[in-house]
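In what follows, a structure is listed as structure tokens, so that the remarks can point back to it.
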Amino acid sequence: MIGTNLCKWTVSYFALAVVWLLLAEILMATGFGFPHDDIGGPDTLVIVHMVCVGWLSTVVCGALFQFVPVLVARPLYAECWTLPALALLTIGLTVLLTGFLALGGHFNGPRWLLPVGGGLLIAGFALVVANLGMTLWSARPLPAPARFVAVGLACICVTAAFGGMFALVLSGTHLGAQWPDLLVSGVPIHAIAGLGGWLTFTAMGVSYRLLAMFMLAPDGDPKLGRLAWRGGAAALAVGVVGGVLALRRATGLNLVLLLAGAAALLSLVAYGRDVLGLYRTRKRRALELNTRMSLLSLGSIAAVAILGAAFVTTGSLQSHAGALAFLVAFGWLTGLVLANLYKIVPFLTWLETYGPVMGRAPTPRVQDLVAEHRASKWFVLFFAGTWAATLMLLFDAALGFRIAIAAVALATFGLVEELVRARRLADVAEPLRLPAGAAVPRLLVLRN
């Protein structure tokens, strides 16, 4: 990536995303939302959208603006769209959450907050999809990791469309009254497209490239990669298209979900085997902290697959859906994102600060911008707290969940501090910290 143009607002996306994550964790630790409230209640919807939109979607958008051009060896279609997209996503989510709080009776608010917030989010995601979509379109035929991203972009369109309809229904407007059963039957499709397609499938594609790049590993097995993509794409097609057809015909989603789950399991097995192959064939023998912690997130998604299959077999999937969704959102996605942010932020900071003086002055290594021994305890606490919180949800222990999620919040604070220290070059030895021609990076904006 030497010489690659840096997306100016990528770190701003990261910063806003971690603020939403910390807010969600603090609220859960105080007893706000599920499991103290109904899983489909307004307070739980606040938490779900803070995590899935404010945290995960925002951080994924910021990462894609930087790494999609790397995946396809093309410049970003319109970098000037990245800041307006961030503003729309942030304002839209704030308005939407305000609408949920009004719906939950926390204050008297107008009905239009939900559809207005949903509309702003749709506009923000439309800018993201258009920008990344045009970048991918210019690079046809797409390399393997980019095909995962392309499917993910299609899924966020479906997710946003269903979210907009849900907002209309919940607002009680005349338009929303046209879909009286949508909230019952449409939520699984919304979740499949969002958590499964946009977030998980996109994360799979990006992680292929990042893990190979950071471990100096050759590309994965093409057959396993194709199987992972085809299985996942089939699962999403069955879940979304089949789900919509079942919704229209009022035939129920059981068969659709079973077929989609089987295809998703095949995709995850192929992906897991391929990623483990990257670890075995890597040239960098000593694993860095980010790659070690990525293994723990892979263990979490494997646990989701095993537990999900067990719950389907025993007929208890519905009663444990909240625990599985939490493990997907935190053990798999949040764990994987935090592990990679721990490498991405120092990597971008190194490129920004020392790239211009490479070959003209001594420079530190990327590893010199962080202190792995200090950060490792926060990762251990994060994953231990996440797994403990999942167990508490499985056993309906609400107080235990609050204690566990408080530990997760503490670990997140610690990791955020480590990222800030990397941006400030706080751990770089003084003789190498600022060679002639280098400048201290700004905290929230990259120099490109």
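The chains in the structure tokens are called A, B, ... from first to last as shown; in each chain the residues are counted from 1, and the ligands are counted from 1 in the order shown.
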Selection: 12 Å around Thr30 in chain A, only C-alpha atoms, excl. self and same-chain fewer than 4 positions, as a PDB file with N, CA, C and O atoms, in the first residue's frame:
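The file below, result_0.pdb, is the result:
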```pdb
ATOM      1  N   LEU A  23     -21.400   3.690  23.956  1.00  0.00           N
ATOM      2  CA  LEU A  23     -22.718   4.080  24.448  1.00  0.00           C
ATOM      3  C   LEU A  23     -23.629   2.866  24.600  1.00  0.00           C
ATOM      4  O   LEU A  23     -24.337   2.723  25.608  1.00  0.00           O
ATOM      5  N   ALA A  24     -23.615   1.990  23.592  1.00  0.00           N
ATOM      6  CA  ALA A  24     -24.453   0.788  23.654  1.00  0.00           C
ATOM      7  C   ALA A  24     -24.042  -0.110  24.818  1.00  0.00           C
ATOM      8  O   ALA A  24     -24.900  -0.639  25.550  1.00  0.00           O
ATOM      9  N   GLU A  25     -22.750  -0.306  25.002  1.00  0.00           N
ATOM     10  CA  GLU A  25     -22.275  -1.167  26.087  1.00  0.00           C
ATOM     11  C   GLU A  25     -22.636  -0.588  27.457  1.00  0.00           C
ATOM     12  O   GLU A  25     -23.037  -1.318  28.366  1.00  0.00           O
ATOM     13  N   ILE A  26     -22.494   0.718  27.610  1.00  0.00           N
ATOM     14  CA  ILE A  26     -22.833   1.356  28.887  1.00  0.00           C
ATOM     15  C   ILE A  26     -24.329   1.215  29.174  1.00  0.00           C
ATOM     16  O   ILE A  26     -24.738   0.907  30.307  1.00  0.00           O
ATOM     17  N   PHE A  34     -32.763  -5.449  26.082  1.00  0.00           N
ATOM     18  CA  PHE A  34     -32.734  -6.890  26.317  1.00  0.00           C
ATOM     19  C   PHE A  34     -31.506  -7.263  27.149  1.00  0.00           C
ATOM     20  O   PHE A  34     -30.434  -6.687  26.930  1.00  0.00           O
ATOM     21  N   PRO A  35     -31.591  -8.169  28.123  1.00  0.00           N
ATOM     22  CA  PRO A  35     -32.703  -9.062  28.466  1.00  0.00           C
ATOM     23  C   PRO A  35     -33.686  -8.499  29.482  1.00  0.00           C
ATOM     24  O   PRO A  35     -34.633  -9.180  29.855  1.00  0.00           O
ATOM     25  N   HIS A  36     -33.470  -7.241  29.951  1.00  0.00           N
ATOM     26  CA  HIS A  36     -34.391  -6.652  30.915  1.00  0.00           C
ATOM     27  C   HIS A  36     -35.682  -6.200  30.236  1.00  0.00           C
ATOM     28  O   HIS A  36     -36.723  -6.108  30.881  1.00  0.00           O
ATOM     29  N   ALA A 398     -29.964 -12.139  34.115  1.00  0.00           N
ATOM     30  CA  ALA A 398     -29.872 -10.736  33.700  1.00  0.00           C
ATOM     31  C   ALA A 398     -28.777  -9.979  34.447  1.00  0.00           C
ATOM     32  O   ALA A 398     -28.027  -9.193  33.851  1.00  0.00           O
ATOM     33  N   LEU A 399     -28.666 -10.188  35.750  1.00  0.00           N
ATOM     34  CA  LEU A 399     -27.640  -9.487  36.524  1.00  0.00           C
ATOM     35  C   LEU A 399     -26.247  -9.925  36.081  1.00  0.00           C
ATOM     36  O   LEU A 399     -25.331  -9.092  35.945  1.00  0.00           O
ATOM     37  N   GLY A 400     -26.066 -11.214  35.860  1.00  0.00           N
ATOM     38  CA  GLY A 400     -24.775 -11.702  35.372  1.00  0.00           C
ATOM     39  C   GLY A 400     -24.424 -11.107  34.030  1.00  0.00           C
ATOM     40  O   GLY A 400     -23.255 -10.785  33.761  1.00  0.00           O
ATOM     41  N   PHE A 401     -25.432 -10.932  33.167  1.00  0.00           N
ATOM     42  CA  PHE A 401     -25.184 -10.307  31.871  1.00  0.00           C
ATOM     43  C   PHE A 401     -24.692  -8.879  32.048  1.00  0.00           C
ATOM     44  O   PHE A 401     -23.754  -8.455  31.366  1.00  0.00           O
ATOM     45  N   ARG A 402     -25.307  -8.122  32.952  1.00  0.00           N
ATOM     46  CA  ARG A 402     -24.883  -6.733  33.170  1.00  0.00           C
ATOM     47  C   ARG A 402     -23.443  -6.664  33.656  1.00  0.00           C
ATOM     48  O   ARG A 402     -22.670  -5.793  33.236  1.00  0.00           O
ATOM     49  N   ILE A 403     -23.071  -7.563  34.550  1.00  0.00           N
ATOM     50  CA  ILE A 403     -21.692  -7.574  35.055  1.00  0.00           C
ATOM     51  C   ILE A 403     -20.716  -7.907  33.924  1.00  0.00           C
ATOM     52  O   ILE A 403     -19.668  -7.265  33.770  1.00  0.00           O
ATOM     53  N   ALA A 404     -21.078  -8.903  33.104  1.00  0.00           N
ATOM     54  CA  ALA A 404     -20.201  -9.305  32.005  1.00  0.00           C
ATOM     55  C   ALA A 404     -20.071  -8.197  30.975  1.00  0.00           C
ATOM     56  O   ALA A 404     -18.973  -7.921  30.472  1.00  0.00           O
ATOM     57  N   ILE A 405     -21.172  -7.529  30.650  1.00  0.00           N
ATOM     58  CA  ILE A 405     -21.103  -6.480  29.631  1.00  0.00           C
ATOM     59  C   ILE A 405     -20.370  -5.254  30.169  1.00  0.00           C
ATOM     60  O   ILE A 405     -19.755  -4.507  29.403  1.00  0.00           O
ATOM     61  N   ALA A 406     -20.395  -5.055  31.493  1.00  0.00           N
ATOM     62  CA  ALA A 406     -19.585  -3.983  32.080  1.00  0.00           C
ATOM     63  C   ALA A 406     -18.097  -4.263  31.869  1.00  0.00           C
ATOM     64  O   ALA A 406     -17.305  -3.347  31.581  1.00  0.00           O
ATOM     65  N   ALA A 409     -17.333  -3.399  28.318  1.00  0.00           N
ATOM     66  CA  ALA A 409     -17.218  -1.948  28.140  1.00  0.00           C
ATOM     67  C   ALA A 409     -15.862  -1.444  28.637  1.00  0.00           C
ATOM     68  O   ALA A 409     -15.228  -0.596  27.992  1.00  0.00           O
TER      69      ALA A 409
END
```
Close residues, range 381-389 of chain A itself excluded, 9 Å, only C-alpha atoms, min 2 positions apart in chain, as an MDAnalysis selection string: chainID A and resid 293 296:297 300 323 326:327 330:331 335 376:379 391:394 400:412
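Taking CA of Thr90 in chain A and CA of Phe148 in chain A as the two end points, the separation is 25.5 Å.
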Residue contacts of Lys223 in chain A (10 Å, only C-alpha atoms) excluding same-chain residues fewer than 6 positions away, as number ranges by chain: A: 229, 270, 274
Range 59-121 of chain A: residues DSSP assigns to alpha helix (DSSP H), reported as an MDAnalysis selection string: chainID A and resid 59:72 82:103 113:121
Pull the closest atom pair for each residue of range 155-267 of chain A that gets at most 10 Å from range 64-77 of chain A, along with the distance in Å to one decimal, counting only C-alpha atoms, ordering rows by chain and then ascending residue number, as CSV.
```
residue,atom,partner,partner_atom,distance
A:Thr202,CA,A:Leu64,CA,9.1
A:Ala203,CA,A:Leu64,CA,9.9
A:Gly205,CA,A:Leu71,CA,9.7
A:Val206,CA,A:Phe67,CA,7.8
A:Arg209,CA,A:Leu71,CA,7.5
A:Leu210,CA,A:Phe67,CA,9.0
```
Export of prior selection with C-alpha atoms as a tab-separated table (two decimals), in the first residue's frame:
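Below is the file selection_28.tsv, written as the result:
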```tsv
chain	number	residue	atom	x	y	z
A	202	THR	CA	-18.51	-8.23	3.86
A	203	ALA	CA	-16.30	-8.98	6.87
A	205	GLY	CA	-14.28	-10.79	2.11
A	206	VAL	CA	-12.23	-8.02	3.70
A	209	ARG	CA	-7.25	-9.72	2.16
A	210	LEU	CA	-6.28	-8.21	5.51
```
Nearest-residue call for Arg111 in chain A, choices A:Val241, A:Ala325, A:Leu45, A:Ala167, using only C-alpha atoms: A:Ala167
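Reported to one decimal place, the separation of CA of Thr281 in chain A from CA of Leu419 in chain A is 29.0 Å.
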Within 8 Å of Arg273 in chain A using only C-alpha atoms, minus same-chain residues under 4 positions, as a PyMOL selection string: chain A and resi 224+269+277
Neighbour list for Val53 in chain A as a PyMOL selection string, cut-off 9 Å, only C-alpha atoms, skip fewer than 4 positions in-chain: chain A and resi 17+20+48-49+57-58+89+93
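Each of A:Gly272, A:Gly239, A:Gly152, A:Gly225 was checked against Ile189 in chain A using only C-alpha atoms; the smallest atom-to-atom distance is that of A:Gly239.
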Which residue of A:Val151, A:Leu183, A:Leu289, A:Val420 approaches Val380 in chain A most closely, using only C-alpha atoms: A:Leu289
